[in-house]
>>> print(open('run.txt').read())   # compact mmCIF, C-alpha atoms
# COMPACT_ATOMS: atom_id res chain seq x y z
CA MET H 1 0.00 0.00 0.00
CA ILE H 2 1.48 3.35 -1.07
CA ALA H 3 0.78 6.04 1.55
CA ARG H 4 3.15 8.82 0.45
CA LEU H 5 5.14 9.77 -2.65
CA SER H 6 8.08 12.13 -2.66
CA GLY H 7 9.98 12.79 -5.87
CA THR H 8 10.25 14.99 -8.95
CA LEU H 9 7.13 16.35 -10.62
CA ILE H 10 7.55 15.46 -14.28
CA GLU H 11 4.04 15.99 -15.65
CA ARG H 12 0.84 17.80 -14.70
CA GLN H 13 -2.28 17.23 -16.79
CA PRO H 14 -5.37 17.78 -14.66
CA PRO H 15 -6.58 15.72 -12.93
CA PHE H 16 -3.33 13.69 -13.20
CA VAL H 17 0.26 14.31 -12.19
CA VAL H 18 3.26 12.07 -12.76
CA ILE H 19 5.88 11.91 -10.00
CA ASP H 20 9.27 10.35 -10.66
CA CYS H 21 10.52 8.46 -7.61
CA HIS H 22 14.00 7.07 -8.24
CA GLY H 23 13.31 6.30 -11.89
CA VAL H 24 9.73 5.06 -11.52
CA GLY H 25 6.97 7.40 -12.70
CA TYR H 26 3.78 7.19 -10.66
CA GLU H 27 0.57 8.54 -12.19
CA VAL H 28 -1.52 10.11 -9.44
CA GLU H 29 -5.03 11.52 -9.73
CA CYS H 30 -5.50 14.65 -7.62
CA PRO H 31 -8.29 17.07 -6.79
CA MET H 32 -7.89 20.50 -8.39
CA THR H 33 -7.01 22.00 -5.00
CA VAL H 34 -3.69 20.14 -5.15
CA PHE H 35 -2.77 21.86 -8.43
CA ASP H 36 -2.86 25.25 -6.65
CA GLY H 37 0.19 24.24 -4.64
CA LEU H 38 2.19 22.23 -7.14
CA PRO H 39 5.66 23.44 -8.06
CA ALA H 40 6.82 23.72 -11.68
CA ALA H 41 7.75 20.55 -13.56
CA GLY H 42 11.22 19.35 -12.58
CA LYS H 43 10.84 20.41 -8.95
CA ASP H 44 10.46 18.21 -5.88
CA VAL H 45 6.96 17.42 -4.65
CA THR H 46 5.45 15.32 -1.86
CA LEU H 47 1.87 14.03 -1.76
CA VAL H 48 0.02 11.83 0.70
CA ILE H 49 -1.57 8.96 -1.19
CA HIS H 50 -4.69 6.83 -1.05
CA THR H 51 -4.27 3.58 -2.99
CA VAL H 52 -7.16 1.71 -4.61
CA ILE H 53 -6.39 -1.80 -5.85
CA ARG H 54 -8.77 -3.41 -8.31
CA GLU H 55 -8.57 -6.46 -10.53
CA ASP H 56 -7.88 -4.32 -13.58
CA ALA H 57 -5.94 -1.38 -12.09
CA HIS H 58 -3.95 0.05 -9.22
CA LEU H 59 -5.07 3.66 -8.74
CA LEU H 60 -3.30 6.35 -6.77
CA PHE H 61 -5.07 9.45 -5.45
CA GLY H 62 -2.87 12.27 -4.14
CA PHE H 63 -3.48 15.03 -1.60
CA ALA H 64 -1.48 17.92 -0.19
CA ARG H 65 -2.59 17.27 3.40
CA ALA H 66 -3.44 14.17 5.41
CA SER H 67 -6.73 15.83 6.44
CA ASP H 68 -7.84 16.01 2.78
CA ARG H 69 -6.98 12.34 2.32
CA GLN H 70 -8.99 11.54 5.47
CA LEU H 71 -12.02 13.42 4.10
CA PHE H 72 -11.62 11.51 0.81
CA ARG H 73 -11.51 8.19 2.70
CA THR H 74 -14.54 9.18 4.78
CA LEU H 75 -16.48 10.07 1.62
CA LEU H 76 -15.69 6.62 0.19
CA LYS H 77 -17.53 5.05 3.14
CA ILE H 78 -20.77 6.74 2.06
CA SER H 79 -23.04 4.50 -0.02
CA GLY H 80 -22.99 5.59 -3.66
CA VAL H 81 -19.76 7.60 -3.40
CA GLY H 82 -16.77 6.18 -5.26
CA PRO H 83 -13.28 7.58 -5.80
CA LYS H 84 -14.25 9.65 -8.88
CA LEU H 85 -17.17 11.32 -7.10
CA ALA H 86 -15.13 11.94 -3.93
CA LEU H 87 -12.39 13.50 -6.06
CA ALA H 88 -14.92 15.66 -7.90
CA ILE H 89 -16.29 16.92 -4.57
CA LEU H 90 -12.81 17.82 -3.31
CA SER H 91 -12.04 19.52 -6.65
CA SER H 92 -15.20 21.62 -6.59
CA VAL H 93 -15.26 22.90 -3.03
CA SER H 94 -12.86 23.29 -0.12
CA ALA H 95 -13.08 20.81 2.75
CA ASN H 96 -14.31 23.57 5.07
CA ASP H 97 -17.01 24.68 2.62
CA PHE H 98 -18.11 21.07 2.20
CA ALA H 99 -18.30 20.71 5.99
CA LEU H 100 -20.44 23.89 6.16
CA MET H 101 -22.82 22.53 3.52
CA VAL H 102 -23.19 19.26 5.42
CA GLU H 103 -23.57 20.88 8.86
CA SER H 104 -26.15 23.38 7.62
CA GLY H 105 -28.04 20.66 5.72
CA ASP H 106 -27.71 22.62 2.45
CA SER H 107 -28.69 19.87 0.01
CA LYS H 108 -29.30 22.46 -2.72
CA ALA H 109 -25.65 23.55 -2.63
CA LEU H 110 -24.49 19.92 -2.58
CA THR H 111 -26.53 19.10 -5.71
CA ARG H 112 -24.53 21.77 -7.58
CA LEU H 113 -21.44 19.59 -7.17
CA PRO H 114 -20.73 17.25 -10.12
CA GLY H 115 -22.38 13.85 -9.90
CA ILE H 116 -24.49 14.61 -6.82
CA GLY H 117 -28.24 14.31 -7.08
CA ARG H 118 -30.86 15.00 -4.43
CA LYS H 119 -30.70 11.53 -2.86
CA THR H 120 -26.90 11.49 -2.70
CA ALA H 121 -26.91 14.99 -1.18
CA GLU H 122 -29.36 13.88 1.52
CA ARG H 123 -27.26 10.76 2.21
CA LEU H 124 -24.10 12.87 2.50
CA ILE H 125 -25.78 15.21 4.99
CA LEU H 126 -27.16 12.32 7.03
CA GLU H 127 -24.02 10.17 7.11
CA MET H 128 -21.29 12.84 7.13
CA LYS H 129 -22.63 15.03 9.96
CA SER H 130 -21.50 12.61 12.66
CA ARG H 131 -18.10 12.10 11.01
CA LEU H 132 -17.08 15.74 10.57
CA ASP H 133 -15.74 16.09 14.13
CA ASP H 134 -13.17 13.36 13.47
CA LEU H 135 -11.75 15.24 10.47
CA GLY H 136 -9.19 18.02 10.80
CA LEU H 137 -10.74 20.41 8.30
CA GLU H 138 -8.51 23.45 8.23
CA ALA H 139 -8.18 25.58 5.13
CA THR H 140 -4.56 26.49 4.60
CA GLY H 141 -2.90 28.06 1.57
CA LEU H 142 -0.64 25.80 -0.43
CA GLY H 143 1.20 28.48 -2.40
CA GLY H 144 3.03 27.59 -5.58
CA GLY H 145 2.67 28.49 -9.21
CA GLU H 146 0.95 27.36 -12.35
CA ALA H 147 2.40 25.97 -15.55
CA SER H 148 0.93 27.09 -18.83
CA ALA H 149 -0.02 24.41 -21.34
CA PRO H 150 0.10 24.41 -25.16
CA ASP H 151 -3.64 23.79 -25.43
CA ALA H 152 -4.96 24.63 -22.00
CA SER H 153 -8.59 24.64 -23.17
CA ALA H 154 -8.42 21.05 -24.46
CA GLU H 155 -6.61 19.89 -21.29
CA ALA H 156 -9.23 21.63 -19.16
CA ARG H 157 -12.05 19.89 -21.06
CA ALA H 158 -10.32 16.52 -20.61
CA GLY H 159 -9.87 17.25 -16.91
CA LEU H 160 -13.54 18.14 -16.47
CA VAL H 161 -14.59 14.94 -18.28
CA ALA H 162 -12.30 12.96 -15.94
CA LEU H 163 -14.07 14.65 -13.01
CA GLY H 164 -17.42 13.28 -14.17
CA TYR H 165 -18.86 15.91 -16.53
CA SER H 166 -20.06 14.92 -20.00
CA PRO H 167 -17.95 16.18 -22.94
CA ALA H 168 -20.77 18.58 -23.89
CA GLU H 169 -20.96 19.96 -20.32
CA ALA H 170 -17.18 20.30 -20.18
CA LEU H 171 -17.11 22.23 -23.47
CA LYS H 172 -19.86 24.57 -22.29
CA MET H 173 -18.11 25.12 -18.95
CA VAL H 174 -14.76 25.91 -20.58
CA LYS H 175 -16.38 28.34 -23.04
CA GLY H 176 -17.73 30.26 -20.04
CA VAL H 177 -14.21 31.01 -18.74
CA ASP H 178 -12.36 34.16 -19.82
CA GLY H 179 -8.79 35.21 -19.19
CA ALA H 180 -7.42 31.99 -17.68
CA GLU H 181 -4.18 30.78 -19.28
CA SER H 182 -3.50 27.37 -17.73
CA ALA H 183 -5.68 24.25 -17.71
CA GLU H 184 -5.72 24.32 -13.89
CA ALA H 185 -6.95 27.93 -13.86
CA ILE H 186 -9.63 27.19 -16.48
CA ILE H 187 -10.91 24.17 -14.53
CA ARG H 188 -10.97 26.08 -11.23
CA GLN H 189 -12.89 28.99 -12.79
CA ALA H 190 -15.28 26.64 -14.63
CA LEU H 191 -16.08 24.84 -11.35
CA LYS H 192 -16.56 28.19 -9.54
CA ASN H 193 -18.89 29.38 -12.30
CA ARG H 194 -20.85 26.12 -12.06
CA MET H 195 -21.21 26.49 -8.28
CA ALA H 196 -22.45 30.08 -8.67
CA LYS H 197 -25.43 28.99 -10.80
>>> encode(input="run.txt", output="structure tokens")
Amino acid sequence: MIARLSGTLIERQPPFVVIDCHGVGYEVECPMTVFDGLPAAGKDVTLVIHTVIREDAHLLFGFARASDRQLFRTLLKISGVGPKLALAILSSVSANDFALMVESGDSKALTRLPGIGRKTAERLILEMKSRLDDLGLEATGLGGGEASAPDASAEARAGLVALGYSPAEALKMVKGVDGAESAEAIIRQALKNRMAK
């Protein structure tokens, strides 16, 4: 079981990064909040990891803080929430904002998150309320910079599709973003715009 990776960041294509650890490149899927704090390619990076082992794949999910990984793991315990949906939740809203939605019983706000319908929102509120106290949900800045991409718009669309949106939704969301230069910035703004609706 891989719990932590520390190495050289060699690729960042939302929602994936590739980290070289002594000659082995690990592909790690991360929420968009991780991309805010990533260094430039070629620099050292450390992520805490959640490993999912299936018959057909070994999947790695990376987080900047152990508390984010714990929230991810807690979400996986909720019926109907898999790794992709948990990752989409953590990409769309901060852990603290998610906790506020759950504590206030705001199912309407939760249904604005990708892949969450009314029933899932109600289940999240019901099952997560009692688990929030066990999670260290502190919003802290990660710092870091962004790397521009040759076709940031296409990468952003691919990233949104990987987060659970249909290709048509992803295209519409990306078209609604102005002035962002990197794929990470486009995805963040597209998700913010979606939440504001």
>>> closest_residue(input="run.txt", among="H:Gly159, H:Gly115, H:Gly37, H:Gly42", to="Asp20 of chain H", atoms="all atoms listed in the file")
H:Gly42
>>> residues_around(input="run.txt", residues="Phe63 of chain H", least_positions_apart="5", cutoff="8 Å", atoms="all atoms listed in the file", output="list in words")
Cys30, Pro31, Val34, Leu47, Val48, Ile49, Asp68 and Arg69 of chain H
>>> atom_distance(input="run.txt", atom1="atom CA of Ser130 of chain H", atom2="atom CA of Ser91 of chain H")
22.6 Å
>>> atom_distance(input="run.txt", atom1="atom CA of Gln13 of chain H", atom2="atom CA of Ala183 of chain H")
7.9 Å
>>> residues_around(input="run.txt", residues="Arg118 of chain H", least_positions_apart="3", cutoff="8 Å", atoms="only C-alpha atoms", output="PyMOL selection string")
chain H and resi 107-108+111+121-122
>>> residues_around(input="run.txt", residues="Ala196 of chain H", least_positions_apart="3", cutoff="10 Å", atoms="only C-alpha atoms", output="NGL selection string")
:H and (109 or 112 or 190-193)
>>> atom_distance(input="run.txt", atom1="atom CA of Leu71 of chain H", atom2="atom CA of Leu132 of chain H")
8.5 Å
>>> closest_residue(input="run.txt", among="H:Arg157, H:Lys129, H:Arg65, H:Lys119", to="Phe98 of chain H", atoms="only C-alpha atoms")
H:Lys129
>>> closest_residue(input="run.txt", among="H:Leu9, H:His58, H:Gly82, H:Arg188", to="Thr46 of chain H", atoms="all atoms listed in the file")
H:Leu9
>>> residues_around(input="run.txt", residues="segment 1-5 of chain H", least_positions_apart="2", cutoff="12 Å", atoms="all atoms listed in the file", output="NGL selection string")
:H and (7-9 or 17-22 or 24-28 or 44-53 or 58-66 or 69-70)
>>> decode(input="run.txt", residues="segment 69-124 of chain H", atoms="C-alpha atoms", output="mmCIF file, in the first residue's frame")
data_model
loop_
_atom_site.group_PDB
_atom_site.id
_atom_site.type_symbol
_atom_site.label_atom_id
_atom_site.label_comp_id
_atom_site.auth_asym_id
_atom_site.auth_seq_id
_atom_site.Cartn_x
_atom_site.Cartn_y
_atom_site.Cartn_z
ATOM 1 C CA ARG H 69 -6.981 12.341 2.325
ATOM 2 C CA GLN H 70 -8.986 11.540 5.467
ATOM 3 C CA LEU H 71 -12.015 13.417 4.101
ATOM 4 C CA PHE H 72 -11.621 11.506 0.809
ATOM 5 C CA ARG H 73 -11.512 8.190 2.697
ATOM 6 C CA THR H 74 -14.539 9.184 4.776
ATOM 7 C CA LEU H 75 -16.484 10.071 1.622
ATOM 8 C CA LEU H 76 -15.686 6.624 0.188
ATOM 9 C CA LYS H 77 -17.530 5.054 3.140
ATOM 10 C CA ILE H 78 -20.773 6.742 2.062
ATOM 11 C CA SER H 79 -23.038 4.497 -0.017
ATOM 12 C CA GLY H 80 -22.994 5.590 -3.658
ATOM 13 C CA VAL H 81 -19.761 7.601 -3.401
ATOM 14 C CA GLY H 82 -16.774 6.180 -5.264
ATOM 15 C CA PRO H 83 -13.276 7.582 -5.796
ATOM 16 C CA LYS H 84 -14.249 9.654 -8.875
ATOM 17 C CA LEU H 85 -17.170 11.324 -7.103
ATOM 18 C CA ALA H 86 -15.133 11.944 -3.934
ATOM 19 C CA LEU H 87 -12.387 13.500 -6.064
ATOM 20 C CA ALA H 88 -14.921 15.663 -7.905
ATOM 21 C CA ILE H 89 -16.291 16.916 -4.568
ATOM 22 C CA LEU H 90 -12.814 17.819 -3.312
ATOM 23 C CA SER H 91 -12.043 19.515 -6.654
ATOM 24 C CA SER H 92 -15.196 21.620 -6.595
ATOM 25 C CA VAL H 93 -15.256 22.900 -3.031
ATOM 26 C CA SER H 94 -12.861 23.287 -0.116
ATOM 27 C CA ALA H 95 -13.075 20.807 2.750
ATOM 28 C CA ASN H 96 -14.312 23.568 5.067
ATOM 29 C CA ASP H 97 -17.015 24.684 2.621
ATOM 30 C CA PHE H 98 -18.106 21.071 2.203
ATOM 31 C CA ALA H 99 -18.300 20.714 5.987
ATOM 32 C CA LEU H 100 -20.439 23.889 6.163
ATOM 33 C CA MET H 101 -22.820 22.525 3.520
ATOM 34 C CA VAL H 102 -23.188 19.262 5.421
ATOM 35 C CA GLU H 103 -23.572 20.878 8.865
ATOM 36 C CA SER H 104 -26.148 23.385 7.619
ATOM 37 C CA GLY H 105 -28.040 20.659 5.725
ATOM 38 C CA ASP H 106 -27.713 22.618 2.453
ATOM 39 C CA SER H 107 -28.690 19.869 0.008
ATOM 40 C CA LYS H 108 -29.301 22.462 -2.722
ATOM 41 C CA ALA H 109 -25.648 23.554 -2.631
ATOM 42 C CA LEU H 110 -24.487 19.924 -2.582
ATOM 43 C CA THR H 111 -26.526 19.097 -5.707
ATOM 44 C CA ARG H 112 -24.530 21.767 -7.579
ATOM 45 C CA LEU H 113 -21.441 19.590 -7.173
ATOM 46 C CA PRO H 114 -20.733 17.253 -10.121
ATOM 47 C CA GLY H 115 -22.385 13.851 -9.896
ATOM 48 C CA ILE H 116 -24.491 14.610 -6.818
ATOM 49 C CA GLY H 117 -28.244 14.315 -7.080
ATOM 50 C CA ARG H 118 -30.857 15.004 -4.428
ATOM 51 C CA LYS H 119 -30.703 11.528 -2.860
ATOM 52 C CA THR H 120 -26.902 11.492 -2.701
ATOM 53 C CA ALA H 121 -26.905 14.988 -1.177
ATOM 54 C CA GLU H 122 -29.356 13.877 1.521
ATOM 55 C CA ARG H 123 -27.262 10.761 2.205
ATOM 56 C CA LEU H 124 -24.104 12.874 2.499
#
